[in-house]
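Asker: So that we are looking at the same thing, I have put the structure below in structure tokens.
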Amino acid sequence: MKFIASHRNLWGLLALTSFILFAGWFEITHPEGFSSLTGGIFTFDALVRIGILTIVVVGLNLLMGYTGQASLGQAAFYGMGAYFSAIFTARASVVGIPDTIANSWWWPWLLIPAGMLITGFFAYLVGRPILRLKGHYLAMATLGLGIVVVILFRENFGISAKVLSLTGGSDGIPGIPRLRIGTYELWPVTRYYFLVWAMALLSIILSLNIVNSRVGRALRAIHSSDLAAEVIGVNTAEFKTRVFVLSAIMGSLAGSLYAHFQAAVSPPTFGFVASLDLVIMAAMGGMASVWGAPFGVAAFFLIRELLRARMHLVVEGASGEYEVIAFGLILILLMIFAPDGVVFGVRNTLHRLRHKPLSDS
Amino acid sequence: MPTPILEFDHVTKTFAGLTALHQVSGQVWPRQIKAIIGPNGAGKTTLFNLITGIYELTAGDIRFMGQSLVGLRPNEIAALGITRTFQNIKLFQHMTVLENVLVGAHTRTHTGFLAAALRLPRARREEQEVIAQGMALLNKVGIAHRAYDDATELPFGLQRKLEIARALASQPRLLLLDEPAAGLNSTETQDLVDLIRQIRDEGVTIVLVEHDMEMVMDVADEVLVLDYGEVIADAPPEAVQQDERVITAYLGVD
Amino acid sequence: MESTITTNVATRKRKPSMSLRQGLSVLLLLALLLLIFWLGGKKHFGLRQYAQLIMDGLRAGAIYALIALGLVTIYNVTNVINFAQGAFVMLGAMITADLFAHQLLPFAPAVNLFAAAVFAILFTTAVGLFIERVVIAPVRDASPLTLIIITVGVYIVIQGLALLYWGTGALKLPAFSTFFTEATRDKVYRPFGVIIKGQSLWIWTTTALVMAVLYWFFNFTIYGKAFQASAINRTAARLMGISPSKMSLLAFVVAAAVGAVAGIVLAPVTSPTYDMGLKLGLKGFVAAIMGGLVSAPAAVIGGLLLGVVENVAAGVTKSGLKDIFAFIILILVLLYRPQGILSKAKETEKV
């Protein structure tokens, strides 16, 4: 197998792919089957959301887990992709896109890589100076960046009432079309599900390859010691910027997928709380682990839905309030007892037992 | 007259008004083993940090094969062919012994994000080559059997060797060793001396900072002695051992 | 010969000289001022409007200053950026407003307010103490990133508990001046046509008082001096027998108390809610960064400046953009003056 860097990852990929195919097949053959199987707690929609967020969290893992560079504003890039797709489809006439183009099936597809390009470029411009900062200074700068971007979404860039209809202010943008290929619409959700997970798997594979390469080793070296990495010849500024850009591009891809899934976007989805949620997901899966991403996101959804659905049995009349407290506690406990991530520690041990290199080919 | 591989030209470094190095001059010749010694706080490590670009010079110049290193970043200096080890070992955590050495080969390899992500043929070829070279290097320093262990789990002596192997992986012209014998027992130190000689014989110039005088006098071709940031002697070991100022500095007699 | 070498190196340095940089900064500042007046001119602002914007900004700025004081106190001895500082402010405001609304004591409202405020401060301090012992102390040597995420977790938990207890509705606390007059609404002063609310005076006075108390505490008491020593050099302080663990605890206690006080005086002008702490904590952080993160007086100046700048900038543009200015200032200060806007850059040893 030449497309992937390590054979052990191949089994993981096969397992994940089988599960995805099975879940999709089950939902198609037994409509609402997934939901009834989990007692109505977990809907099939959640699987799509997990796939979308997996892409963002894989990127965040590369940046935070492997390279050790904090980002408390990652949801902003997710939002940039979403708003880019939303504005140029649902607001095409405001931007001045001719109807013939805006209504063609290929236009939204074209916007996805375009959004990734623009988000990546933006990340490059801000990343270059910001990533000179270290530790909590970097954390706070990315946090500030995230907040600024979301305010821009909400305040319509503050230009004038004329562009008010561009981002829709606090209400956001409704009416984003579904994706289709020719006349074949990627909807209902079971169809879209396969697209999302294909993208998620692709981002997992590409990231695994990066991690187990010269680039990945340089990133991990930066995490361990910025100074030692630089003295051995790693251009740390350049590598930090590039991994930041890569994580932004993955965020943008996920954002576009989200916009066409939800058919509407609004600022809170991409705000500071969303950025924190992403960090919690990454921490739950184990930060320095590409594999941790899907598990972390899934665990986050599972816990949240369980709390929402079952908490009233424990405390009368309770509903969603407990979920935030639970996530806060989980975050604290994870950071105190397993700051390097749960999956990462386990993987390292396994890997030592097997005496196999991480970089075999 | 041949050009020195490394030349200090009135190197001066001050920290917030305190002078760490004052007008330090000297040369290192190709294929030489040069030791820098001096009491604690004499400025030895500061000099290493200036050569590798971690600190900026206050005044003076440092030239490598005739080219000034002033204003270059540490990674650019590494790419020119200068690598080093650290007094307090700085191995990369959560990475195997082999991976540490592979990072050492960073400047000689070229795989970027895209080639790595897509595992292009040239990236795979480069990876195979660099792993083979890394294993050969680990063999040379005698830790190939632990190639897949976590680097920071090696015993102390082997960590020192690994750090040297990592520095060698970039195939440097000049290798800076910051107290390589610190914390080693006498057998390990002898091992290290043999290794240093072997590296020199393969054409690498070596500068080392060391406190173990016996080892320094044994291995060095020339010794530069610093005291309070100034050069008080720069000569072969035998001459340095007889030098009045050096004896005074070390014994602390006025 | 030696001198020529020295000048050679000096001219080869990449950074422009200090005077050139200062000149550029002054020019930039002038350009920004012109931009503000131009934008204000489009809204037909006169001197009175600007004075009003500055006054309101100073009120918000005093609150930011108090929050920044708490952050700096904790950062100085623990190197922790306490994300939960905003939660202390929220607790101070919510507890006081809640207790006051119930009028538990059979005395005058003013007495009830005082009792409520004292209880709020004590309770918040206890929370600070608890946090330090349970989540910060066990991981004192963790990486900055780990520590920051932990305090984020703490903030989330406190805010979640507040949501459970108080719900999403806003509480109310009357302006303090109403306790001393017959009026039901806050006193308003109008010097030169500029409106200044009575509560603003309470906020400014309280900020000044807190600063005075802290100054006295840190400079004239044994504990305060030990704290100062610990902030300057932790290792040396430990060798002198000052326990870093105790100092860390003290820092959280002081920060929690100061945070609660900020919340109490702020409550009448904001109608406190369970989620008010997040933004306030972040703004406090911006103020602290503007002051260089280690100096208390600089943090206060940073807070006041931040309040004025964001309020004037929002005033001449759009009120919804207020937070943007704060965070743009944050990013710019982090990038160009990480040592703070008041102090000079210094090179430290890295290895």
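Residues in the structure tokens are numbered from 1 in each chain, the chains being A, B, ... in the order shown, and ligands are numbered from 1 in the order shown.
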May I have the residues within 9 Å of Val286 (chain C) as a list of chain:residue names, using only C-alpha atoms and disregarding those fewer than 2 positions away in the same chain?
Answerer: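 Listed by chain and then number, they are A:Met140, C:Tyr64, C:Ala68, C:Gly281, C:Leu282, C:Lys283, C:Gly284, C:Ala288, C:Ile289, C:Met290, C:Gly291, C:Gly302, C:Gly303, C:Leu306, C:Ala326, C:Phe327, C:Ile329, C:Leu330, C:Ile331, C:Val333.
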Asker: Please dump the current selection as a compact mmCIF listing (two decimals), in the first residue's frame; keep N, CA and C atoms.
Answerer:
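Writing done, so here's again35.txt:
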# COMPACT_ATOMS: atom_id res chain seq x y z
N MET A 140 -3.93 33.78 23.25
CA MET A 140 -4.78 34.96 23.34
C MET A 140 -4.91 35.68 21.99
N TYR C 64 -12.24 47.41 33.58
CA TYR C 64 -11.19 46.61 32.94
C TYR C 64 -9.93 46.63 33.80
N ALA C 68 -7.94 43.54 35.21
CA ALA C 68 -6.53 43.39 34.84
C ALA C 68 -5.65 43.25 36.07
N GLY C 281 -13.70 39.35 31.17
CA GLY C 281 -12.41 38.72 31.45
C GLY C 281 -11.44 38.94 30.31
N LEU C 282 -11.95 38.81 29.08
CA LEU C 282 -11.10 38.98 27.91
C LEU C 282 -10.61 40.43 27.79
N LYS C 283 -11.53 41.38 28.05
CA LYS C 283 -11.13 42.78 27.99
C LYS C 283 -10.11 43.09 29.06
N GLY C 284 -10.31 42.51 30.23
CA GLY C 284 -9.33 42.68 31.31
C GLY C 284 -7.98 42.17 30.88
N ALA C 288 -4.45 44.07 30.62
CA ALA C 288 -3.24 43.57 31.28
C ALA C 288 -2.09 43.47 30.29
N ILE C 289 -2.40 42.98 29.09
CA ILE C 289 -1.37 42.86 28.05
C ILE C 289 -0.85 44.24 27.66
N MET C 290 -1.78 45.21 27.55
CA MET C 290 -1.35 46.56 27.21
C MET C 290 -0.36 47.08 28.25
N GLY C 291 -0.55 46.64 29.49
CA GLY C 291 0.35 47.07 30.55
C GLY C 291 1.58 46.18 30.68
N GLY C 302 -3.49 50.66 31.27
CA GLY C 302 -3.94 49.89 30.11
C GLY C 302 -5.45 49.78 30.09
N GLY C 303 -6.05 49.49 31.24
CA GLY C 303 -7.50 49.36 31.33
C GLY C 303 -8.22 50.64 30.96
N LEU C 306 -7.77 51.37 27.26
CA LEU C 306 -8.58 50.47 26.45
C LEU C 306 -10.03 50.94 26.44
N ALA C 326 -11.11 46.41 20.54
CA ALA C 326 -10.38 45.87 21.69
C ALA C 326 -9.44 44.75 21.25
N PHE C 327 -9.95 43.85 20.40
CA PHE C 327 -9.13 42.69 20.06
C PHE C 327 -8.09 43.00 18.99
N ILE C 329 -6.55 45.86 19.06
CA ILE C 329 -5.51 46.43 19.93
C ILE C 329 -4.71 45.29 20.55
N LEU C 330 -5.44 44.25 21.02
CA LEU C 330 -4.76 43.10 21.64
C LEU C 330 -3.71 42.51 20.70
N ILE C 331 -4.14 42.24 19.46
CA ILE C 331 -3.23 41.58 18.52
C ILE C 331 -2.05 42.49 18.19
N VAL C 333 -0.76 44.94 20.03
CA VAL C 333 0.15 45.06 21.17
C VAL C 333 0.99 43.79 21.32
Asker: Find the residues of chain B that sit at most 6 Å from chain A; for each, write down the nearest two atoms and how far apart they are in Å, to one decimal. Count only C-alpha atoms. Sort by chain, then by number going up, and give it as JSON lines.
Answerer:
{"residue": "B:Pro74", "atom": "CA", "partner": "A:Val231", "partner_atom": "CA", "distance": 5.1}
{"residue": "B:Asn75", "atom": "CA", "partner": "A:Gly233", "partner_atom": "CA", "distance": 3.9}
{"residue": "B:Ala78", "atom": "CA", "partner": "A:Gly233", "partner_atom": "CA", "distance": 4.9}
{"residue": "B:Ala79", "atom": "CA", "partner": "A:Gly233", "partner_atom": "CA", "distance": 5.9}
{"residue": "B:Phe92", "atom": "CA", "partner": "A:Ser224", "partner_atom": "CA", "distance": 5.3}
{"residue": "B:Gln93", "atom": "CA", "partner": "A:Ser224", "partner_atom": "CA", "distance": 5.6}
{"residue": "B:Gly104", "atom": "CA", "partner": "A:Ile232", "partner_atom": "CA", "distance": 5.9}
{"residue": "B:Thr107", "atom": "CA", "partner": "A:Gly233", "partner_atom": "CA", "distance": 5.6}
{"residue": "B:Ala116", "atom": "CA", "partner": "A:Ile210", "partner_atom": "CA", "distance": 5.2}
{"residue": "B:Ala117", "atom": "CA", "partner": "A:Leu206", "partner_atom": "CA", "distance": 4.6}
{"residue": "B:Tyr148", "atom": "CA", "partner": "A:Pro357", "partner_atom": "CA", "distance": 5.7}
Asker: For C-alpha atoms, I'd like the residues from the last selection saved as a short mmCIF file (atom, residue, chain, number, x, y, z; two decimals), in the first residue's frame.
Answerer:
data_model
loop_
_atom_site.label_atom_id
_atom_site.label_comp_id
_atom_site.auth_asym_id
_atom_site.auth_seq_id
_atom_site.Cartn_x
_atom_site.Cartn_y
_atom_site.Cartn_z
CA PRO B 74 19.88 29.48 13.59
CA ASN B 75 18.33 27.31 10.87
CA ALA B 78 22.64 24.92 10.43
CA ALA B 79 22.12 24.75 6.68
CA PHE B 92 12.81 15.67 20.94
CA GLN B 93 10.19 14.13 23.22
CA GLY B 104 18.86 15.88 12.13
CA THR B 107 18.48 20.34 6.04
CA ALA B 116 4.46 14.24 2.15
CA ALA B 117 0.65 14.27 2.18
CA TYR B 148 12.52 2.41 17.95
#
Asker: Excluding region 315-318 of chain C and any residue of its chain fewer than 3 positions from it, enumerate the residues within 8 Å of it, using only C-alpha atoms, and give them as a PyMOL selection string.
Answerer: (chain A and resi 158) or (chain C and resi 36+39-40+43+53+311-312+321-322)
Asker: Within 7 Å of region 97-103 of chain B, counting only C-alpha atoms, which residues show up once you throw out same-chain ones fewer than 5 positions away? Write them as a ChimeraX atom specification, please.
Answerer: /A:217-218 /B:92,130-131,134,146-151,165-166,169
Asker: Residues of chain A near chain C: apply a cut-off of 8 Å, count only C-alpha atoms, and supply the list as an NGL selection string.
Answerer: :A and (70 or 129-130 or 133 or 135-137 or 139 or 141 or 144-145 or 147-148 or 151 or 155 or 158 or 321-322 or 324-329 or 331-332 or 335-336 or 339)
Asker: Give the strand (DSSP E or B) residues of region 8-194 of chain A, as assigned by DSSP on the backbone, as a ChimeraX atom specification.
Answerer: /A:173,180-181,184-185
Asker: Residues within 12 Å of region 34-39 of chain A, please, as a JSON list (two decimals) with N, CA and C atoms, in the first residue's frame. Count only C-alpha atoms; anything in the same chain fewer than 2 positions from it doesn't count.
Answerer:
[["chain", "number", "residue", "atom", "x", "y", "z"],
["A", 22, "PHE", "N", -21.17, 0.73, 6.83],
["A", 22, "PHE", "CA", -22.23, -0.02, 7.48],
["A", 22, "PHE", "C", -23.32, 0.91, 7.99],
["A", 23, "ALA", "N", -22.90, 1.97, 8.68],
["A", 23, "ALA", "CA", -23.89, 2.90, 9.24],
["A", 23, "ALA", "C", -24.72, 3.52, 8.12],
["A", 24, "GLY", "N", -24.08, 3.87, 7.00],
["A", 24, "GLY", "CA", -24.81, 4.44, 5.86],
["A", 24, "GLY", "C", -25.78, 3.45, 5.27],
["A", 25, "TRP", "N", -25.30, 2.21, 5.09],
["A", 25, "TRP", "CA", -26.15, 1.17, 4.51],
["A", 25, "TRP", "C", -27.35, 0.91, 5.43],
["A", 26, "PHE", "N", -27.09, 0.87, 6.71],
["A", 26, "PHE", "CA", -28.15, 0.58, 7.69],
["A", 26, "PHE", "C", -29.23, 1.66, 7.64],
["A", 27, "GLU", "N", -28.80, 2.92, 7.54],
["A", 27, "GLU", "CA", -29.75, 4.02, 7.54],
["A", 27, "GLU", "C", -30.59, 4.00, 6.25],
["A", 28, "ILE", "N", -29.93, 3.62, 5.13],
["A", 28, "ILE", "CA", -30.67, 3.59, 3.86],
["A", 28, "ILE", "C", -31.69, 2.46, 3.86],
["A", 29, "THR", "N", -31.28, 1.30, 4.38],
["A", 29, "THR", "CA", -32.19, 0.15, 4.36],
["A", 29, "THR", "C", -33.22, 0.21, 5.48],
["A", 30, "HIS", "N", -32.87, 0.85, 6.57],
["A", 30, "HIS", "CA", -33.82, 1.00, 7.67],
["A", 30, "HIS", "C", -33.99, 2.48, 8.00],
["A", 31, "PRO", "N", -34.82, 3.19, 7.25],
["A", 31, "PRO", "CA", -34.96, 4.64, 7.51],
["A", 31, "PRO", "C", -35.27, 4.90, 8.98],
["A", 32, "GLU", "N", -34.63, 5.89, 9.51],
["A", 32, "GLU", "CA", -34.74, 6.24, 10.93],
["A", 32, "GLU", "C", -34.22, 5.13, 11.82],
["A", 41, "ILE", "N", -31.61, 9.01, 20.88],
["A", 41, "ILE", "CA", -30.64, 9.97, 21.39],
["A", 41, "ILE", "C", -29.75, 10.49, 20.27],
["A", 42, "PHE", "N", -29.33, 9.57, 19.43],
["A", 42, "PHE", "CA", -28.37, 9.87, 18.39],
["A", 42, "PHE", "C", -29.08, 9.80, 17.05],
["A", 43, "THR", "N", -29.15, 10.91, 16.33],
["A", 43, "THR", "CA", -29.77, 10.82, 15.01],
["A", 43, "THR", "C", -28.68, 10.63, 13.96],
["A", 44, "PHE", "N", -29.11, 10.27, 12.78],
["A", 44, "PHE", "CA", -28.16, 10.07, 11.70],
["A", 44, "PHE", "C", -27.46, 11.37, 11.35],
["A", 45, "ASP", "N", -28.19, 12.48, 11.49],
["A", 45, "ASP", "CA", -27.60, 13.81, 11.26],
["A", 45, "ASP", "C", -26.31, 14.00, 12.05],
["A", 46, "ALA", "N", -26.33, 13.47, 13.27],
["A", 46, "ALA", "CA", -25.16, 13.65, 14.14],
["A", 46, "ALA", "C", -23.92, 13.04, 13.50],
["A", 47, "LEU", "N", -24.11, 11.91, 12.80],
["A", 47, "LEU", "CA", -22.96, 11.28, 12.14],
["A", 47, "LEU", "C", -22.37, 12.20, 11.08],
["A", 190, "THR", "N", -28.56, 10.88, 3.68],
["A", 190, "THR", "CA", -27.76, 9.66, 3.51],
["A", 190, "THR", "C", -26.76, 9.82, 2.37],
["A", 302, "LEU", "N", -21.61, 12.28, 21.69],
["A", 302, "LEU", "CA", -22.26, 11.25, 22.48],
["A", 302, "LEU", "C", -22.58, 11.76, 23.88],
["A", 305, "GLU", "N", -25.31, 14.56, 23.73],
["A", 305, "GLU", "CA", -26.67, 14.07, 23.46],
["A", 305, "GLU", "C", -27.19, 13.24, 24.63],
["A", 306, "LEU", "N", -26.30, 12.44, 25.22],
["A", 306, "LEU", "CA", -26.71, 11.65, 26.38],
["A", 306, "LEU", "C", -27.16, 12.54, 27.52],
["A", 309, "ALA", "N", -30.46, 14.08, 26.74],
["A", 309, "ALA", "CA", -31.59, 13.16, 26.71],
["A", 309, "ALA", "C", -31.87, 12.53, 28.06],
["A", 310, "ARG", "N", -30.82, 12.33, 28.86],
["A", 310, "ARG", "CA", -30.99, 11.52, 30.05],
["A", 310, "ARG", "C", -30.84, 12.27, 31.37]]
